[in-house]
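K.L.:
So here's start21.tsv, just TSV, C-alpha atoms and all ligand atoms:
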chain	number	residue	atom	x	y	z
A	1	MET	CA	0.37	-19.31	6.39
A	2	SER	CA	-2.41	-17.32	7.97
A	3	ILE	CA	-4.77	-14.48	7.23
A	4	LEU	CA	-3.84	-11.35	9.18
A	5	ASN	CA	-6.16	-8.77	10.65
A	6	ILE	CA	-6.20	-5.55	8.58
A	7	ASP	CA	-6.05	-2.34	10.62
A	8	VAL	CA	-8.40	0.40	9.49
A	9	TYR	CA	-8.35	4.20	9.77
A	10	PRO	CA	-7.86	5.79	12.31
A	11	ALA	CA	-5.58	3.08	13.78
A	12	PRO	CA	-2.41	4.89	15.00
A	13	VAL	CA	-0.06	2.40	13.27
A	14	LEU	CA	-1.31	3.68	9.89
A	15	LYS	CA	0.08	7.15	10.69
A	16	ARG	CA	3.53	5.99	11.79
A	17	LYS	CA	6.65	6.20	9.67
A	18	THR	CA	8.04	2.66	9.37
A	19	GLU	CA	11.45	1.27	10.36
A	20	LYS	CA	13.87	-0.18	7.82
A	21	ILE	CA	14.28	-3.97	7.99
A	22	LEU	CA	17.88	-4.81	8.91
A	23	ASN	CA	17.66	-8.62	9.02
A	24	ILE	CA	15.58	-10.64	6.59
A	25	ASP	CA	14.88	-13.50	8.98
A	26	ASP	CA	12.20	-16.19	9.25
A	27	GLY	CA	9.86	-13.76	11.01
A	28	ILE	CA	10.04	-11.35	8.04
A	29	ARG	CA	9.60	-14.22	5.55
A	30	ARG	CA	6.51	-15.45	7.38
A	31	LEU	CA	5.10	-11.93	7.64
A	32	ALA	CA	5.59	-11.38	3.88
A	33	GLU	CA	3.88	-14.68	3.02
A	34	ASP	CA	1.00	-13.98	5.40
A	35	MET	CA	0.61	-10.49	3.93
A	36	LEU	CA	0.41	-11.91	0.40
A	37	GLU	CA	-2.22	-14.43	1.45
A	38	THR	CA	-4.16	-11.71	3.29
A	39	MET	CA	-3.99	-9.42	0.23
A	40	TYR	CA	-5.25	-12.10	-2.20
A	41	LYS	CA	-8.04	-13.07	0.20
A	42	ALA	CA	-9.26	-9.48	0.75
A	43	PRO	CA	-9.03	-9.17	-2.31
A	44	GLY	CA	-6.56	-6.36	-2.96
A	45	VAL	CA	-3.67	-5.55	-5.31
A	46	GLY	CA	-1.28	-4.32	-2.61
A	47	LEU	CA	-0.72	-4.40	1.13
A	48	ALA	CA	1.82	-2.61	3.33
A	49	ALA	CA	3.09	-3.88	6.71
A	50	PRO	CA	1.48	-1.02	8.74
A	51	GLN	CA	-1.92	-2.26	7.50
A	52	VAL	CA	-1.36	-5.47	9.45
A	53	GLY	CA	-0.07	-3.63	12.51
A	54	GLN	CA	3.69	-3.79	11.76
A	55	ALA	CA	5.61	-0.50	11.44
A	56	LEU	CA	8.16	-2.09	9.08
A	57	SER	CA	9.31	-1.15	5.58
A	58	LEU	CA	7.71	-4.04	3.71
A	59	VAL	CA	5.06	-4.14	0.99
A	60	VAL	CA	3.50	-6.89	-1.08
A	61	ALA	CA	1.66	-6.31	-4.34
A	62	ASP	CA	0.30	-7.99	-7.42
A	63	PRO	CA	-0.78	-5.29	-9.86
A	64	GLY	CA	-0.70	-7.55	-12.93
A	65	GLU	CA	-3.36	-9.48	-14.78
A	66	LYS	CA	-5.98	-11.26	-12.68
A	67	ASP	CA	-5.51	-14.75	-14.15
A	68	LYS	CA	-1.70	-14.59	-14.00
A	69	PRO	CA	-0.49	-14.12	-10.41
A	70	THR	CA	2.82	-12.29	-10.17
A	71	PRO	CA	3.39	-11.59	-6.48
A	72	LEU	CA	5.91	-8.91	-5.54
A	73	ILE	CA	7.54	-8.72	-2.11
A	74	LEU	CA	9.57	-5.56	-1.58
A	75	ILE	CA	11.75	-4.87	1.45
A	76	ASN	CA	12.89	-1.31	2.23
A	77	PRO	CA	11.52	-0.06	-1.13
A	78	GLU	CA	12.30	3.47	-2.29
A	79	ILE	CA	11.30	5.50	-5.32
A	80	THR	CA	14.54	6.67	-6.93
A	81	ALA	CA	13.11	8.43	-9.99
A	82	TYR	CA	9.72	9.48	-11.28
A	83	GLU	CA	8.10	11.36	-14.14
A	84	GLY	CA	4.74	12.28	-15.64
A	85	ARG	CA	1.34	12.56	-14.09
A	86	THR	CA	-1.61	10.24	-13.93
A	87	GLY	CA	-4.47	9.44	-11.62
A	88	ILE	CA	-7.23	6.92	-11.07
A	89	THR	CA	-9.90	6.35	-8.45
A	90	GLU	CA	-8.18	4.66	-5.54
A	91	GLY	CA	-9.43	2.73	-2.57
A	92	CYS	CA	-7.66	1.13	0.36
A	93	LEU	CA	-8.32	-1.94	2.51
A	94	SER	CA	-7.60	0.30	5.53
A	95	VAL	CA	-10.09	2.99	4.44
A	96	PRO	CA	-13.28	0.98	3.88
A	97	GLY	CA	-16.28	2.44	2.12
A	98	TYR	CA	-14.52	5.29	0.32
A	99	THR	CA	-12.77	5.89	-3.02
A	100	ALA	CA	-11.36	9.03	-4.62
A	101	GLU	CA	-9.10	10.05	-7.48
A	102	VAL	CA	-5.48	10.72	-6.50
A	103	VAL	CA	-2.77	12.40	-8.60
A	104	ARG	CA	0.30	10.17	-9.01
A	105	HIS	CA	3.45	9.91	-11.11
A	106	GLN	CA	2.93	8.03	-14.38
A	107	LYS	CA	6.32	6.29	-14.27
A	108	ILE	CA	8.56	5.39	-11.35
A	109	ILE	CA	11.75	3.51	-10.63
A	110	VAL	CA	11.69	1.56	-7.35
A	111	ARG	CA	14.75	0.14	-5.65
A	112	ALA	CA	14.19	-2.57	-3.03
A	113	TYR	CA	15.46	-5.83	-1.56
A	114	THR	CA	13.89	-9.23	-2.18
A	115	LEU	CA	13.39	-11.93	0.46
A	116	ASP	CA	16.70	-13.50	-0.62
A	117	GLU	CA	18.53	-10.20	0.02
A	118	LYS	CA	19.03	-9.28	-3.62
A	119	GLU	CA	18.84	-5.61	-4.50
A	120	ILE	CA	16.46	-5.05	-7.41
A	121	GLU	CA	15.30	-2.09	-9.47
A	122	LEU	CA	11.86	-2.03	-11.08
A	123	THR	CA	10.63	0.38	-13.72
A	124	LEU	CA	6.86	0.68	-13.51
A	125	GLU	CA	4.27	2.62	-15.49
A	126	ASP	CA	0.57	3.38	-15.14
A	127	PHE	CA	-1.45	0.99	-12.92
A	128	PRO	CA	1.49	-0.90	-11.34
A	129	ALA	CA	3.25	2.45	-10.74
A	130	ILE	CA	0.11	3.81	-9.04
A	131	VAL	CA	-0.26	0.71	-6.84
A	132	LEU	CA	3.36	0.92	-5.70
A	133	GLN	CA	3.09	4.67	-4.96
A	134	HIS	CA	-0.01	3.98	-2.85
A	135	GLU	CA	1.76	1.18	-0.94
A	136	LEU	CA	5.01	3.11	-0.45
A	137	ASP	CA	2.96	6.01	0.96
A	138	HIS	CA	1.79	3.62	3.70
A	139	LEU	CA	5.44	3.20	4.75
A	140	GLN	CA	5.56	6.96	5.41
A	141	GLY	CA	2.31	6.95	7.36
A	142	ILE	CA	0.42	8.51	4.44
A	143	LEU	CA	-3.05	7.34	3.35
A	144	PHE	CA	-4.67	8.20	0.02
A	145	ILE	CA	-7.20	10.35	1.91
A	146	ASP	CA	-4.21	12.52	2.92
A	147	ARG	CA	-3.65	13.28	-0.78
A	148	ILE	CA	-7.14	14.43	-1.78
A	149	SER	CA	-8.41	18.03	-1.76
A	150	ARG	CA	-9.27	19.66	1.56
A	151	LEU	CA	-12.92	19.84	0.49
A	152	LYS	CA	-13.12	16.13	-0.32
A	153	ARG	CA	-11.31	15.31	2.91
A	154	SER	CA	-13.78	17.34	4.98
A	155	ILE	CA	-16.66	15.47	3.33
A	156	TYR	CA	-14.89	12.19	4.09
A	157	ASP	CA	-14.33	13.19	7.74
A	158	ARG	CA	-17.97	14.18	8.15
A	159	LYS	CA	-19.22	10.88	6.68
A	160	PHE	CA	-16.69	8.99	8.82
A	161	ARG	CA	-17.99	10.66	12.01
A	162	LYS	CA	-21.61	10.02	11.05
A	163	GLY	CA	-20.87	6.42	10.02
A	164	THR	CA	-22.43	6.95	6.57
A	165	LEU	CA	-19.38	6.12	4.39
A	166	ASP	CA	-20.97	3.27	2.50
A	167	GLN	CA	-23.88	5.41	1.34
A	168	SER	CA	-23.26	7.78	-1.57
B	201	ZN	ZN	-3.80	1.36	1.13
Translate the structure described by the file into structure tokens.

P.N.:
Amino acid sequence: MSILNIDVYPAPVLKRKTEKILNIDDGIRRLAEDMLETMYKAPGVGLAAPQVGQALSLVVADPGEKDKPTPLILINPEITAYEGRTGITEGCLSVPGYTAEVVRHQKIIVRAYTLDEKEIELTLEDFPAIVLQHELDHLQGILFIDRISRLKRSIYDRKFRKGTLDQS
């Protein structure tokens, strides 16, 4: 396994809509394992393939308790149902030096394939639901800074241009 390089905004791959994975082969298995290792090392609670330069429909996540690792690998994931509203302050390994609150669904149902080609359905609420919505956005070329108010975004863009993101 190896640690992958994480692409950061404004890398073009982060804005691309990803391709569905048609064959779960050794290359995909290795990519998923490397992504998990990269995510834990960062550290982060989720990572999508575009963040490591691959425009593929693959995310890894571990939104559970810190001392109990429960890695999730989801291939071609889709949200099939959602309800409620929630929101927390989000950050992203591809958007360093910035956090902002984002409005999300409180509960979602996600359908996806596992590495052994089983179709699964997950019902997620609150923090895990937020993490998965953030990661699935990456598969559509959407970053959390695309979901904040225009005013906040213009402040972000100005700080980005000036290189002052880490200062408050
Ligand atoms: Zn992200």

K.L.:
Hey, can you pull every residue with an atom no more than 8 Å from (4.2, 8.1, 7.8), using only C-alpha atoms, and send it as a list in words?

P.N.:
Leu14, Lys15, Arg16, Lys17, Thr18, Asp137, His138, Leu139, Gln140, Gly141 and Ile142 of chain A

K.L.:
Of the candidates A:Leu31, A:Ile108, A:Ala11, A:Ala100, which one gets nearest to A:Lys152 if we count all atoms listed in the file?

P.N.:
A:Ala100

K.L.:
Just want the residues within 10 Å of ligand ZN 201 (chain B), written as a list in words, counting only C-alpha atoms and all ligand atoms.

P.N.:
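Taking only C-alpha atoms and all ligand atoms into account, the residues around ligand ZN 201 (chain B) at most 10 Å away are Val8, Leu14, Gly44, Val45, Gly46, Leu47, Ala48, Pro50, Gln51, Glu90, Gly91, Cys92, Leu93, Ser94, Val95, Pro96, Val131, Leu132, Gln133, His134, Glu135, Leu136, Asp137, His138, Ile142, Leu143, Phe144 and Ile145 of chain A.
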
K.L.:
Neighbourhood query: residues within 9 Å of (17.5, -0.7, -0.5), file coordinates, counting all atoms listed in the file; return as an NGL selection string.

P.N.:
:A and (75-78 or 111-113 or 119-120)

K.L.:
So how far away is atom CA of A:Ile79 from atom CA of A:Glu125, in Å?

P.N.:
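So the two atoms, atom CA of A:Glu125 and atom CA of A:Ile79, lie 12.7 Å apart.
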
K.L.:
How big is the axis-aligned box around the listed atoms of stretch 120-138 of chain A once 3 Å is added on each side, and where is its centre? Give both in Å to one decimal, as AutoDock Vina command-line options.

P.N.:
--center_x 7.5 --center_y 0.5 --center_z -5.9 --size_x 23.9 --size_y 17.1 --size_z 25.2

K.L.:
Taking all atoms listed in the file into account, which of A:Gln106, A:Asp62, A:Pro43, A:Thr114 comes nearest A:Leu74?

P.N.:
A:Thr114

K.L.:
Which residue, A:Glu19, A:Glu33, A:Asp67, A:Asp126, has the smallest gap to A:Thr86 when you use all atoms listed in the file?

P.N.:
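Smallest distance to A:Thr86 is found for A:Asp126.
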
K.L.:
For a test of reading the model, state the distance in Å between atom CA of A:Ala81 and atom CA of A:Leu115, rounded to one decimal.

P.N.:
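A separation of 22.9 Å between them.
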
K.L.:
Separation of atom CA of A:Arg158 and atom CA of A:Val103, in Å?

P.N.:
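Interatomic distance here is 22.7 Å.
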
K.L.:
For A:Asp146, which residue out of A:Tyr40, A:Tyr82, A:Phe127, A:Tyr9 is the nearest one, using all atoms listed in the file?

P.N.:
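The shortest atom-to-atom distance to A:Asp146 comes from A:Tyr9.
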
K.L.:
Restricting the calculation to all atoms listed in the file, which member of A:Leu4, A:Leu58, A:Ile109, A:Val102 is positioned closest to A:Ile88?

P.N.:
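The closest residue to A:Ile88 is A:Val102.
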
K.L.:
If we count all atoms listed in the file and set the cut-off at 8 Å, which residues sit around A:Ile24, ignoring sequence neighbours fewer than 4 positions away in its own chain? Please answer as number ranges by chain.

P.N.:
A: 28-29, 115-117

K.L.:
Just checking: using only C-alpha atoms, which residue out of A:Ser154, A:Ser2, A:Gln54, A:Ser149 ends up closest to A:Glu101?

P.N.:
A:Ser149
